[in-house]
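A.B. asks: So here's input-v3.csv, just CSV, N, CA and C atoms and all ligand atoms:
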chain,number,residue,atom,x,y,z
A,148,MET,N,-109.4,1.4,-47.4
A,148,MET,CA,-109.7,1.5,-48.8
A,148,MET,C,-109.8,3.0,-49.1
A,149,MET,N,-109.2,3.4,-50.3
A,149,MET,CA,-109.2,4.8,-50.7
A,149,MET,C,-109.9,4.9,-52.1
A,150,ALA,N,-110.7,6.0,-52.2
A,150,ALA,CA,-111.3,6.2,-53.5
A,150,ALA,C,-111.5,7.7,-53.7
A,151,THR,N,-111.6,8.1,-55.0
A,151,THR,CA,-111.8,9.5,-55.3
A,151,THR,C,-113.2,9.7,-55.9
A,152,CYS,N,-114.0,10.6,-55.4
A,152,CYS,CA,-115.3,10.9,-55.9
A,152,CYS,C,-115.3,12.2,-56.7
A,153,HIS,N,-115.8,12.2,-57.9
A,153,HIS,CA,-115.8,13.4,-58.8
A,153,HIS,C,-117.1,14.1,-58.8
A,154,CYS,N,-118.0,13.8,-57.9
A,154,CYS,CA,-119.3,14.5,-57.9
A,154,CYS,C,-119.1,15.9,-57.6
A,155,GLY,N,-120.1,16.7,-58.0
A,155,GLY,CA,-120.0,18.2,-57.8
A,155,GLY,C,-120.0,18.5,-56.3
A,156,ARG,N,-120.7,17.7,-55.6
A,156,ARG,CA,-120.8,18.0,-54.1
A,156,ARG,C,-119.5,17.8,-53.4
A,157,CYS,N,-118.8,16.8,-53.7
A,157,CYS,CA,-117.5,16.5,-53.1
A,157,CYS,C,-116.5,17.6,-53.6
A,158,ARG,N,-116.5,17.9,-54.9
A,158,ARG,CA,-115.5,18.8,-55.4
A,158,ARG,C,-115.7,20.2,-54.7
A,159,LYS,N,-117.0,20.6,-54.5
A,159,LYS,CA,-117.2,21.9,-54.0
A,159,LYS,C,-116.9,22.1,-52.5
A,160,ILE,N,-116.7,21.0,-51.8
A,160,ILE,CA,-116.3,21.2,-50.4
A,160,ILE,C,-114.8,20.9,-50.3
A,161,GLY,N,-114.1,20.7,-51.5
A,161,GLY,CA,-112.7,20.6,-51.5
A,161,GLY,C,-112.2,19.3,-50.9
A,162,ALA,N,-113.0,18.3,-51.0
A,162,ALA,CA,-112.6,17.0,-50.4
A,162,ALA,C,-113.2,15.9,-51.3
A,163,SER,N,-112.4,15.3,-52.2
A,163,SER,CA,-112.9,14.3,-53.1
A,163,SER,C,-112.1,13.0,-53.0
A,164,THR,N,-111.0,12.9,-52.3
A,164,THR,CA,-110.4,11.6,-52.1
A,164,THR,C,-110.6,11.2,-50.6
A,165,PHE,N,-111.1,10.0,-50.5
A,165,PHE,CA,-111.5,9.5,-49.1
A,165,PHE,C,-110.9,8.2,-48.8
A,166,VAL,N,-110.6,8.1,-47.5
A,166,VAL,CA,-110.2,6.8,-47.0
A,166,VAL,C,-111.4,6.3,-46.2
A,167,PHE,N,-111.8,5.1,-46.5
A,167,PHE,CA,-112.9,4.4,-45.8
A,167,PHE,C,-112.4,3.7,-44.6
A,168,VAL,N,-112.9,4.0,-43.4
A,168,VAL,CA,-112.4,3.6,-42.2
A,168,VAL,C,-113.4,2.7,-41.5
A,169,ARG,N,-113.0,1.6,-40.9
A,169,ARG,CA,-113.9,0.8,-40.0
A,169,ARG,C,-114.0,1.4,-38.7
A,170,ALA,N,-115.2,1.5,-38.2
A,170,ALA,CA,-115.5,2.2,-37.0
A,170,ALA,C,-114.7,1.7,-35.8
A,171,GLU,N,-114.4,0.4,-35.7
A,171,GLU,CA,-113.7,-0.1,-34.6
A,171,GLU,C,-112.2,0.3,-34.6
A,172,THR,N,-111.7,0.9,-35.8
A,172,THR,CA,-110.3,1.3,-35.8
A,172,THR,C,-110.2,2.8,-35.7
A,173,PHE,N,-111.3,3.5,-35.5
A,173,PHE,CA,-111.2,5.0,-35.4
A,173,PHE,C,-111.5,5.5,-34.0
A,174,GLN,N,-110.7,6.5,-33.7
A,174,GLN,CA,-111.0,7.2,-32.4
A,174,GLN,C,-110.6,8.7,-32.6
A,175,TRP,N,-111.4,9.5,-31.9
A,175,TRP,CA,-111.2,11.0,-32.0
A,175,TRP,C,-110.0,11.3,-31.1
A,176,VAL,N,-109.1,12.2,-31.5
A,176,VAL,CA,-108.0,12.7,-30.7
A,176,VAL,C,-108.4,13.9,-30.0
A,177,LYS,N,-109.0,14.9,-30.8
A,177,LYS,CA,-109.6,16.1,-30.2
A,177,LYS,C,-110.5,16.8,-31.2
A,178,GLY,N,-111.2,17.8,-30.7
A,178,GLY,CA,-112.0,18.6,-31.6
A,178,GLY,C,-113.4,18.1,-32.0
A,179,GLN,N,-113.8,17.0,-31.5
A,179,GLN,CA,-115.1,16.5,-31.9
A,179,GLN,C,-116.3,17.5,-31.7
A,180,ALA,N,-116.2,18.3,-30.7
A,180,ALA,CA,-117.2,19.3,-30.4
A,180,ALA,C,-117.3,20.4,-31.5
A,181,GLU,N,-116.3,20.5,-32.3
A,181,GLU,CA,-116.2,21.6,-33.3
A,181,GLU,C,-116.8,21.1,-34.7
A,182,VAL,N,-117.2,19.8,-34.8
A,182,VAL,CA,-117.6,19.2,-36.0
A,182,VAL,C,-119.1,19.7,-36.4
A,183,GLN,N,-119.2,20.2,-37.6
A,183,GLN,CA,-120.5,20.6,-38.1
A,183,GLN,C,-120.9,19.6,-39.2
A,184,ARG,N,-122.2,19.2,-39.2
A,184,ARG,CA,-122.6,18.2,-40.2
A,184,ARG,C,-123.6,18.8,-41.2
A,185,LEU,N,-123.4,18.5,-42.5
A,185,LEU,CA,-124.4,18.8,-43.5
A,185,LEU,C,-125.1,17.5,-44.0
A,186,LYS,N,-126.4,17.5,-43.9
A,186,LYS,CA,-127.1,16.2,-44.3
A,186,LYS,C,-127.0,16.0,-45.8
A,187,ALA,N,-126.9,14.7,-46.2
A,187,ALA,CA,-126.8,14.4,-47.6
A,187,ALA,C,-128.2,14.4,-48.2
A,188,GLN,N,-128.3,14.8,-49.5
A,188,GLN,CA,-129.6,14.8,-50.3
A,188,GLN,C,-129.4,13.8,-51.4
A,189,PRO,N,-130.4,12.9,-51.7
A,189,PRO,CA,-130.3,12.0,-52.8
A,189,PRO,C,-129.9,12.6,-54.1
A,190,PRO,N,-129.0,12.0,-54.9
A,190,PRO,CA,-128.6,10.6,-54.8
A,190,PRO,C,-127.4,10.4,-53.9
A,191,TYR,N,-126.9,11.3,-53.2
A,191,TYR,CA,-125.8,11.2,-52.4
A,191,TYR,C,-126.1,10.5,-51.0
A,192,GLN,N,-125.2,9.7,-50.5
A,192,GLN,CA,-125.6,8.9,-49.3
A,192,GLN,C,-124.8,9.4,-48.1
A,193,TYR,N,-123.7,10.1,-48.3
A,193,TYR,CA,-123.0,10.5,-47.1
A,193,TYR,C,-123.2,11.9,-46.7
A,194,ASP,N,-123.4,12.2,-45.4
A,194,ASP,CA,-123.4,13.5,-44.9
A,194,ASP,C,-122.0,14.1,-45.1
A,195,ARG,N,-121.8,15.4,-44.9
A,195,ARG,CA,-120.5,16.0,-45.0
A,195,ARG,C,-120.3,16.7,-43.7
A,196,CYS,N,-119.1,16.5,-43.1
A,196,CYS,CA,-118.7,17.2,-41.9
A,196,CYS,C,-117.5,18.1,-42.1
A,197,PHE,N,-117.4,19.2,-41.4
A,197,PHE,CA,-116.3,20.0,-41.4
A,197,PHE,C,-116.1,20.6,-40.1
A,198,CYS,N,-114.9,21.2,-39.9
A,198,CYS,CA,-114.5,21.8,-38.6
A,198,CYS,C,-115.0,23.2,-38.6
A,199,ARG,N,-115.8,23.6,-37.6
A,199,ARG,CA,-116.4,24.9,-37.5
A,199,ARG,C,-115.3,25.9,-37.2
A,200,ARG,N,-114.2,25.5,-36.6
A,200,ARG,CA,-113.1,26.4,-36.2
A,200,ARG,C,-112.2,26.7,-37.4
A,201,CYS,N,-111.7,25.7,-38.2
A,201,CYS,CA,-110.8,26.0,-39.3
A,201,CYS,C,-111.3,25.7,-40.7
A,202,GLY,N,-112.5,25.1,-40.8
A,202,GLY,CA,-113.1,24.9,-42.1
A,202,GLY,C,-112.6,23.6,-42.8
A,203,THR,N,-111.8,22.8,-42.2
A,203,THR,CA,-111.3,21.6,-42.8
A,203,THR,C,-112.4,20.6,-43.0
A,204,ALA,N,-112.5,20.1,-44.3
A,204,ALA,CA,-113.5,19.1,-44.7
A,204,ALA,C,-113.0,17.8,-44.1
A,205,LEU,N,-114.0,17.1,-43.4
A,205,LEU,CA,-113.6,15.9,-42.7
A,205,LEU,C,-114.1,14.6,-43.3
A,206,GLY,N,-115.1,14.6,-44.2
A,206,GLY,CA,-115.8,13.4,-44.6
A,206,GLY,C,-117.0,13.2,-43.6
A,207,GLU,N,-117.2,12.0,-43.2
A,207,GLU,CA,-118.3,11.7,-42.3
A,207,GLU,C,-117.8,10.8,-41.2
A,208,PRO,N,-117.0,11.3,-40.3
A,208,PRO,CA,-116.5,10.4,-39.2
A,208,PRO,C,-117.6,10.0,-38.3
A,209,GLY,N,-117.5,8.7,-37.9
A,209,GLY,CA,-118.4,8.1,-36.9
A,209,GLY,C,-119.8,7.7,-37.4
A,210,ALA,N,-120.0,7.6,-38.7
A,210,ALA,CA,-121.3,7.2,-39.3
A,210,ALA,C,-121.3,5.7,-39.7
A,211,GLY,N,-121.9,4.9,-38.9
A,211,GLY,CA,-122.0,3.5,-39.3
A,211,GLY,C,-120.8,2.6,-39.0
A,212,ALA,N,-120.8,1.4,-39.6
A,212,ALA,CA,-119.8,0.4,-39.4
A,212,ALA,C,-118.5,0.8,-40.1
A,213,SER,N,-118.6,1.5,-41.2
A,213,SER,CA,-117.4,2.1,-41.9
A,213,SER,C,-117.9,3.4,-42.5
A,214,PHE,N,-116.9,4.3,-42.7
A,214,PHE,CA,-117.3,5.7,-43.1
A,214,PHE,C,-116.1,6.4,-43.8
A,215,PRO,N,-116.4,7.4,-44.7
A,215,PRO,CA,-115.3,8.1,-45.4
A,215,PRO,C,-114.7,9.2,-44.6
A,216,ILE,N,-113.4,9.3,-44.6
A,216,ILE,CA,-112.7,10.4,-44.0
A,216,ILE,C,-111.9,11.1,-45.2
A,217,ASN,N,-111.9,12.4,-45.2
A,217,ASN,CA,-111.2,13.2,-46.2
A,217,ASN,C,-109.7,12.8,-46.1
A,218,ALA,N,-109.1,12.2,-47.2
A,218,ALA,CA,-107.7,11.9,-47.1
A,218,ALA,C,-106.8,13.1,-46.9
A,219,ASP,N,-107.2,14.2,-47.4
A,219,ASP,CA,-106.4,15.4,-47.3
A,219,ASP,C,-106.4,16.0,-45.8
A,220,CYS,N,-107.2,15.5,-45.0
A,220,CYS,CA,-107.2,16.1,-43.6
A,220,CYS,C,-106.3,15.2,-42.7
A,221,LEU,N,-105.8,14.1,-43.2
A,221,LEU,CA,-105.0,13.2,-42.4
A,221,LEU,C,-103.5,13.8,-42.3
A,222,ASP,N,-103.0,13.8,-41.1
A,222,ASP,CA,-101.6,14.2,-40.9
A,222,ASP,C,-100.6,13.2,-41.4
A,223,ASP,N,-100.9,11.9,-41.3
A,223,ASP,CA,-100.0,10.8,-41.6
A,223,ASP,C,-100.5,10.0,-42.8
A,224,ASP,N,-99.6,9.3,-43.5
A,224,ASP,CA,-99.9,8.5,-44.6
A,224,ASP,C,-100.8,7.3,-44.1
A,225,PRO,N,-102.0,7.2,-44.7
A,225,PRO,CA,-102.9,6.1,-44.2
A,225,PRO,C,-102.5,4.7,-44.7
A,226,GLN,N,-101.5,4.7,-45.5
A,226,GLN,CA,-100.9,3.4,-45.9
A,226,GLN,C,-101.9,2.6,-46.8
A,227,VAL,N,-102.7,3.3,-47.5
A,227,VAL,CA,-103.6,2.7,-48.5
A,227,VAL,C,-103.4,3.5,-49.8
A,228,ARG,N,-103.8,3.0,-51.0
A,228,ARG,CA,-103.7,3.8,-52.2
A,228,ARG,C,-105.0,3.7,-52.9
A,229,LEU,N,-105.2,4.6,-53.9
A,229,LEU,CA,-106.5,4.7,-54.6
A,229,LEU,C,-106.9,3.4,-55.2
A,230,ARG,N,-108.2,3.0,-54.9
A,230,ARG,CA,-108.7,1.8,-55.5
A,230,ARG,C,-109.6,2.1,-56.7
A,231,PHE,N,-110.4,3.2,-56.6
A,231,PHE,CA,-111.3,3.5,-57.7
A,231,PHE,C,-111.7,5.0,-57.7
A,232,HIS,N,-112.3,5.4,-58.9
A,232,HIS,CA,-112.9,6.7,-59.0
A,232,HIS,C,-114.4,6.5,-59.2
A,233,GLU,N,-115.2,7.4,-58.5
A,233,GLU,CA,-116.7,7.3,-58.7
A,233,GLU,C,-117.2,8.6,-59.2
A,234,PHE,N,-118.5,8.5,-59.7
A,234,PHE,CA,-119.1,9.7,-60.3
A,234,PHE,C,-118.3,10.4,-61.3
A,235,VAL,N,-117.6,9.6,-62.1
A,235,VAL,CA,-116.7,10.1,-63.2
A,235,VAL,C,-117.5,10.9,-64.2
A,236,ALA,N,-118.8,10.5,-64.4
A,236,ALA,CA,-119.7,11.2,-65.3
A,236,ALA,C,-119.8,12.7,-65.0
A,237,GLU,N,-119.6,13.0,-63.7
A,237,GLU,CA,-119.8,14.4,-63.2
A,237,GLU,C,-118.4,15.2,-63.2
A,238,LYS,N,-117.3,14.5,-63.6
A,238,LYS,CA,-116.0,15.1,-63.5
A,238,LYS,C,-115.9,16.2,-64.6
A,239,PRO,N,-115.3,17.4,-64.2
A,239,PRO,CA,-115.1,18.4,-65.2
A,239,PRO,C,-114.1,18.0,-66.2
A,240,ALA,N,-114.2,18.6,-67.4
A,240,ALA,CA,-113.3,18.2,-68.5
A,240,ALA,C,-111.9,18.6,-68.2
A,241,TRP,N,-111.7,19.7,-67.4
A,241,TRP,CA,-110.4,20.2,-67.2
A,241,TRP,C,-109.6,19.3,-66.2
A,242,ARG,N,-110.2,18.3,-65.5
A,242,ARG,CA,-109.5,17.4,-64.6
A,242,ARG,C,-109.3,16.1,-65.2
A,243,PRO,N,-108.0,15.8,-65.6
A,243,PRO,CA,-107.7,14.4,-66.1
A,243,PRO,C,-107.6,13.4,-65.0
A,244,ILE,N,-107.8,12.2,-65.3
A,244,ILE,CA,-107.5,11.1,-64.4
A,244,ILE,C,-106.2,10.4,-64.9
A,245,CYS,N,-105.2,10.5,-64.1
A,245,CYS,CA,-103.9,10.1,-64.5
A,245,CYS,C,-103.4,8.8,-63.7
A,246,ASP,N,-104.3,7.9,-63.4
A,246,ASP,CA,-103.8,6.7,-62.8
A,246,ASP,C,-104.6,5.5,-63.4
A,247,ASP,N,-104.4,4.3,-62.9
A,247,ASP,CA,-105.0,3.1,-63.5
A,247,ASP,C,-106.2,2.6,-62.6
A,248,ALA,N,-106.6,3.4,-61.6
A,248,ALA,CA,-107.7,2.9,-60.7
A,248,ALA,C,-109.0,2.8,-61.5
A,249,VAL,N,-109.8,1.8,-61.2
A,249,VAL,CA,-111.1,1.6,-61.8
A,249,VAL,C,-111.9,2.8,-61.8
A,250,GLN,N,-112.7,3.1,-62.9
A,250,GLN,CA,-113.6,4.2,-62.9
A,250,GLN,C,-115.0,3.8,-63.0
A,251,PHE,N,-115.9,4.4,-62.2
A,251,PHE,CA,-117.3,4.2,-62.3
A,251,PHE,C,-118.0,5.5,-62.7
A,252,ALA,N,-119.0,5.4,-63.6
A,252,ALA,CA,-119.7,6.6,-64.0
A,252,ALA,C,-120.5,7.2,-62.9
A,253,GLY,N,-121.0,6.4,-62.0
A,253,GLY,CA,-121.7,6.9,-60.8
A,253,GLY,C,-121.2,6.2,-59.5
A,254,HIS,N,-122.1,5.9,-58.6
A,254,HIS,CA,-121.7,5.1,-57.4
A,254,HIS,C,-121.4,3.7,-57.8
A,255,PRO,N,-120.3,3.2,-57.3
A,255,PRO,CA,-119.8,1.8,-57.7
A,255,PRO,C,-120.8,0.7,-57.4
A,256,VAL,N,-121.7,0.9,-56.4
A,256,VAL,CA,-122.7,-0.2,-56.1
A,256,VAL,C,-123.8,-0.1,-57.0
A,257,GLN,N,-124.1,1.1,-57.6
A,257,GLN,CA,-125.3,1.3,-58.4
A,257,GLN,C,-125.0,1.1,-59.9
A,258,ALA,N,-123.7,1.2,-60.3
A,258,ALA,CA,-123.4,1.1,-61.8
A,258,ALA,C,-122.1,0.4,-62.0
A,259,ALA,N,-122.1,-0.3,-63.1
A,259,ALA,CA,-120.9,-1.0,-63.5
A,259,ALA,C,-119.9,0.0,-64.1
A,260,PRO,N,-118.6,-0.3,-64.1
A,260,PRO,CA,-117.6,0.7,-64.7
A,260,PRO,C,-117.8,0.9,-66.2
B,1,ZN,ZN,-119.1,12.8,-54.1
Produce C-alpha cells that represent the structure in this file.

C.D. replies:
Amino acid sequence: MMATCHCGRCRKIGASTFVFVRAETFQWVKGQAEVQRLKAQPPYQYDRCFCRRCGTALGEPGAGASFPINADCLDDDPQVRLRFHEFVAEKPAWRPICDDAVQFAGHPVQAAP
C-alpha cells in the first residue's frame, strides 16, 4: 500500500510518499549497520531512519508487523500506486494535489476524510 504524508516532519526529511511493507516480505540487502534512527514525537507515530553514509531517507524499516519505506529510496517500481494522502491540513499552499487518491486532514485512523 502506498500513501503520501503532507506533515511538516515528513516534508522536511524529503520523504513523504511511503510504501507500507509487511515484515515477512522485507529483507535487507546491505547497509543495515549504516541506518540512523530519529525517534517519533507525538502526534507522529513512526520513527524516521536515514543512511548515515549518503543521507537517504528510508522510512522506518523493520518496525513491527508492517512499516513505511520511503518510496523514493526504492530502485525498482514497487508495483503499487497511491491510495491516500494524510495530514493534508499541514500541506503547504504551494503544493497542489493532482490525483484522485482519498485525502485525510490528519492521520487516516484518527480522522475521517
Ligand atoms: Zn508525516

A.B. asks: Step one, run DSSP on the backbone; step two, keep only residues of chain A assigned to strand (DSSP E); then write them as a CSV table (one decimal) with N, CA and C atoms, in the coordinates of the input.

C.D. replies:
chain,number,residue,atom,x,y,z
A,149,MET,N,-109.2,3.4,-50.3
A,149,MET,CA,-109.2,4.8,-50.7
A,149,MET,C,-109.9,4.9,-52.1
A,150,ALA,N,-110.7,6.0,-52.2
A,150,ALA,CA,-111.3,6.2,-53.5
A,150,ALA,C,-111.5,7.7,-53.7
A,151,THR,N,-111.6,8.1,-55.0
A,151,THR,CA,-111.8,9.5,-55.3
A,151,THR,C,-113.2,9.7,-55.9
A,152,CYS,N,-114.0,10.6,-55.4
A,152,CYS,CA,-115.3,10.9,-55.9
A,152,CYS,C,-115.3,12.2,-56.7
A,164,THR,N,-111.0,12.9,-52.3
A,164,THR,CA,-110.4,11.6,-52.1
A,164,THR,C,-110.6,11.2,-50.6
A,165,PHE,N,-111.1,10.0,-50.5
A,165,PHE,CA,-111.5,9.5,-49.1
A,165,PHE,C,-110.9,8.2,-48.8
A,166,VAL,N,-110.6,8.1,-47.5
A,166,VAL,CA,-110.2,6.8,-47.0
A,166,VAL,C,-111.4,6.3,-46.2
A,167,PHE,N,-111.8,5.1,-46.5
A,167,PHE,CA,-112.9,4.4,-45.8
A,167,PHE,C,-112.4,3.7,-44.6
A,168,VAL,N,-112.9,4.0,-43.4
A,168,VAL,CA,-112.4,3.6,-42.2
A,168,VAL,C,-113.4,2.7,-41.5
A,169,ARG,N,-113.0,1.6,-40.9
A,169,ARG,CA,-113.9,0.8,-40.0
A,169,ARG,C,-114.0,1.4,-38.7
A,182,VAL,N,-117.2,19.8,-34.8
A,182,VAL,CA,-117.6,19.2,-36.0
A,182,VAL,C,-119.1,19.7,-36.4
A,183,GLN,N,-119.2,20.2,-37.6
A,183,GLN,CA,-120.5,20.6,-38.1
A,183,GLN,C,-120.9,19.6,-39.2
A,184,ARG,N,-122.2,19.2,-39.2
A,184,ARG,CA,-122.6,18.2,-40.2
A,184,ARG,C,-123.6,18.8,-41.2
A,185,LEU,N,-123.4,18.5,-42.5
A,185,LEU,CA,-124.4,18.8,-43.5
A,185,LEU,C,-125.1,17.5,-44.0
A,195,ARG,N,-121.8,15.4,-44.9
A,195,ARG,CA,-120.5,16.0,-45.0
A,195,ARG,C,-120.3,16.7,-43.7
A,196,CYS,N,-119.1,16.5,-43.1
A,196,CYS,CA,-118.7,17.2,-41.9
A,196,CYS,C,-117.5,18.1,-42.1
A,197,PHE,N,-117.4,19.2,-41.4
A,197,PHE,CA,-116.3,20.0,-41.4
A,197,PHE,C,-116.1,20.6,-40.1
A,198,CYS,N,-114.9,21.2,-39.9
A,198,CYS,CA,-114.5,21.8,-38.6
A,198,CYS,C,-115.0,23.2,-38.6
A,204,ALA,N,-112.5,20.1,-44.3
A,204,ALA,CA,-113.5,19.1,-44.7
A,204,ALA,C,-113.0,17.8,-44.1
A,205,LEU,N,-114.0,17.1,-43.4
A,205,LEU,CA,-113.6,15.9,-42.7
A,205,LEU,C,-114.1,14.6,-43.3
A,206,GLY,N,-115.1,14.6,-44.2
A,206,GLY,CA,-115.8,13.4,-44.6
A,206,GLY,C,-117.0,13.2,-43.6
A,213,SER,N,-118.6,1.5,-41.2
A,213,SER,CA,-117.4,2.1,-41.9
A,213,SER,C,-117.9,3.4,-42.5
A,214,PHE,N,-116.9,4.3,-42.7
A,214,PHE,CA,-117.3,5.7,-43.1
A,214,PHE,C,-116.1,6.4,-43.8
A,215,PRO,N,-116.4,7.4,-44.7
A,215,PRO,CA,-115.3,8.1,-45.4
A,215,PRO,C,-114.7,9.2,-44.6
A,216,ILE,N,-113.4,9.3,-44.6
A,216,ILE,CA,-112.7,10.4,-44.0
A,216,ILE,C,-111.9,11.1,-45.2
A,217,ASN,N,-111.9,12.4,-45.2
A,217,ASN,CA,-111.2,13.2,-46.2
A,217,ASN,C,-109.7,12.8,-46.1
A,229,LEU,N,-105.2,4.6,-53.9
A,229,LEU,CA,-106.5,4.7,-54.6
A,229,LEU,C,-106.9,3.4,-55.2
A,230,ARG,N,-108.2,3.0,-54.9
A,230,ARG,CA,-108.7,1.8,-55.5
A,230,ARG,C,-109.6,2.1,-56.7
A,231,PHE,N,-110.4,3.2,-56.6
A,231,PHE,CA,-111.3,3.5,-57.7
A,231,PHE,C,-111.7,5.0,-57.7
A,232,HIS,N,-112.3,5.4,-58.9
A,232,HIS,CA,-112.9,6.7,-59.0
A,232,HIS,C,-114.4,6.5,-59.2
A,233,GLU,N,-115.2,7.4,-58.5
A,233,GLU,CA,-116.7,7.3,-58.7
A,233,GLU,C,-117.2,8.6,-59.2
A,249,VAL,N,-109.8,1.8,-61.2
A,249,VAL,CA,-111.1,1.6,-61.8
A,249,VAL,C,-111.9,2.8,-61.8
A,250,GLN,N,-112.7,3.1,-62.9
A,250,GLN,CA,-113.6,4.2,-62.9
A,250,GLN,C,-115.0,3.8,-63.0

A.B. asks: Quick one: pull the distance between atom C of Phe197 (chain A) and atom C of Ala162 (chain A), Å, one decimal.

C.D. replies: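 Between these atoms lies a distance of 12.5 Å.
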
A.B. asks: Please write out the residues within 6.5 Å of ligand ZN 1 (chain B) as a list in words, counting only N, CA and C atoms and all ligand atoms.

C.D. replies: Cys152, His153, Cys154, Gly155, Arg156, Cys157, Arg158 and Ser163 of chain A

A.B. asks: Between A:Tyr193, A:Phe231, A:Phe214, A:Phe167, which has the minimum distance to Val249 (chain A) (counting all atoms listed in the file)?

C.D. replies: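 Closest to Val249 (chain A) of all the choices is A:Phe231.
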
A.B. asks: Show me, as a list in words, the residues that have an atom within 8 Å of Arg200 (chain A) when counting all atoms listed in the file, minus same-chain residues fewer than 4 positions from it.

C.D. replies: Ala180, Glu181, Val182 and Gln183 of chain A

A.B. asks: What are the centre and edge lengths in Å, to one decimal, of the axis-aligned box around all listed atoms of region 229-242 of chain A with 5 Å added on each side, as AutoDock Vina command-line options?

C.D. replies:
--center_x -112.5 --center_y 11.0 --center_z -61.2 --size_x 24.6 --size_y 28.4 --size_z 24.6

A.B. asks: To one decimal place in Å, what is the distance between CA of Arg184 (chain A) and CA of Gly161 (chain A)?

C.D. replies: 15.2 Å

A.B. asks: What is the distance, in Å and to one decimal place, between atom C of Leu229 (chain A) and CA of Ala248 (chain A)?

C.D. replies: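 Straight-line distance from atom C of Leu229 (chain A) to CA of Ala248 (chain A) works out to 5.6 Å.
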
A.B. asks: Ranking A:Pro239, A:Phe251, A:Gly178, A:Ala218 by minimum distance to Cys201 (chain A) and counting only C-alpha atoms, which one comes first?

C.D. replies: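 Comparing A:Pro239, A:Phe251, A:Gly178, A:Ala218 against Cys201 (chain A), the winner is A:Gly178.
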
A.B. asks: For Asp247 (chain A), please output as number ranges by chain all residues within 7 Å (counting all atoms listed in the file; exclusion window: fewer than 3 positions along the same chain).

C.D. replies: A: 230, 244, 250

A.B. asks: Compare A:Cys198, A:Cys245, A:Ile216, A:Val235 by their minimum atom-to-atom distance to Ala170 (chain A), counting only C-alpha atoms, and give me the closest one.

C.D. replies: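 The closest residue to Ala170 (chain A) is A:Ile216.
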
A.B. asks: Please return region 209-220 of chain A, rebuilt to N, CA, C and O atoms, as a short mmCIF file (atom, residue, chain, number, x, y, z; two decimals), in the frame of the given file.

C.D. replies:
data_model
loop_
_atom_site.label_atom_id
_atom_site.label_comp_id
_atom_site.auth_asym_id
_atom_site.auth_seq_id
_atom_site.Cartn_x
_atom_site.Cartn_y
_atom_site.Cartn_z
N GLY A 209 -117.50 8.70 -37.90
CA GLY A 209 -118.40 8.10 -36.90
C GLY A 209 -119.80 7.70 -37.40
O GLY A 209 -120.63 7.34 -36.61
N ALA A 210 -120.00 7.60 -38.70
CA ALA A 210 -121.30 7.20 -39.30
C ALA A 210 -121.30 5.70 -39.70
O ALA A 210 -120.67 5.37 -40.68
N GLY A 211 -121.90 4.90 -38.90
CA GLY A 211 -122.00 3.50 -39.30
C GLY A 211 -120.80 2.60 -39.00
O GLY A 211 -119.86 3.04 -38.40
N ALA A 212 -120.80 1.40 -39.60
CA ALA A 212 -119.80 0.40 -39.40
C ALA A 212 -118.50 0.80 -40.10
O ALA A 212 -117.38 0.49 -39.65
N SER A 213 -118.60 1.50 -41.20
CA SER A 213 -117.40 2.10 -41.90
C SER A 213 -117.90 3.40 -42.50
O SER A 213 -119.07 3.63 -42.79
N PHE A 214 -116.90 4.30 -42.70
CA PHE A 214 -117.30 5.70 -43.10
C PHE A 214 -116.10 6.40 -43.80
O PHE A 214 -114.97 5.97 -43.61
N PRO A 215 -116.40 7.40 -44.70
CA PRO A 215 -115.30 8.10 -45.40
C PRO A 215 -114.70 9.20 -44.60
O PRO A 215 -115.46 10.03 -44.02
N ILE A 216 -113.40 9.30 -44.60
CA ILE A 216 -112.70 10.40 -44.00
C ILE A 216 -111.90 11.10 -45.20
O ILE A 216 -111.31 10.41 -46.02
N ASN A 217 -111.90 12.40 -45.20
CA ASN A 217 -111.20 13.20 -46.20
C ASN A 217 -109.70 12.80 -46.10
O ASN A 217 -109.08 13.12 -45.10
N ALA A 218 -109.10 12.20 -47.20
CA ALA A 218 -107.70 11.90 -47.10
C ALA A 218 -106.80 13.10 -46.90
O ALA A 218 -105.76 12.96 -46.26
N ASP A 219 -107.20 14.20 -47.40
CA ASP A 219 -106.40 15.40 -47.30
C ASP A 219 -106.40 16.00 -45.80
O ASP A 219 -105.56 16.88 -45.55
N CYS A 220 -107.20 15.50 -45.00
CA CYS A 220 -107.20 16.10 -43.60
C CYS A 220 -106.30 15.20 -42.70
O CYS A 220 -106.15 15.57 -41.51
#
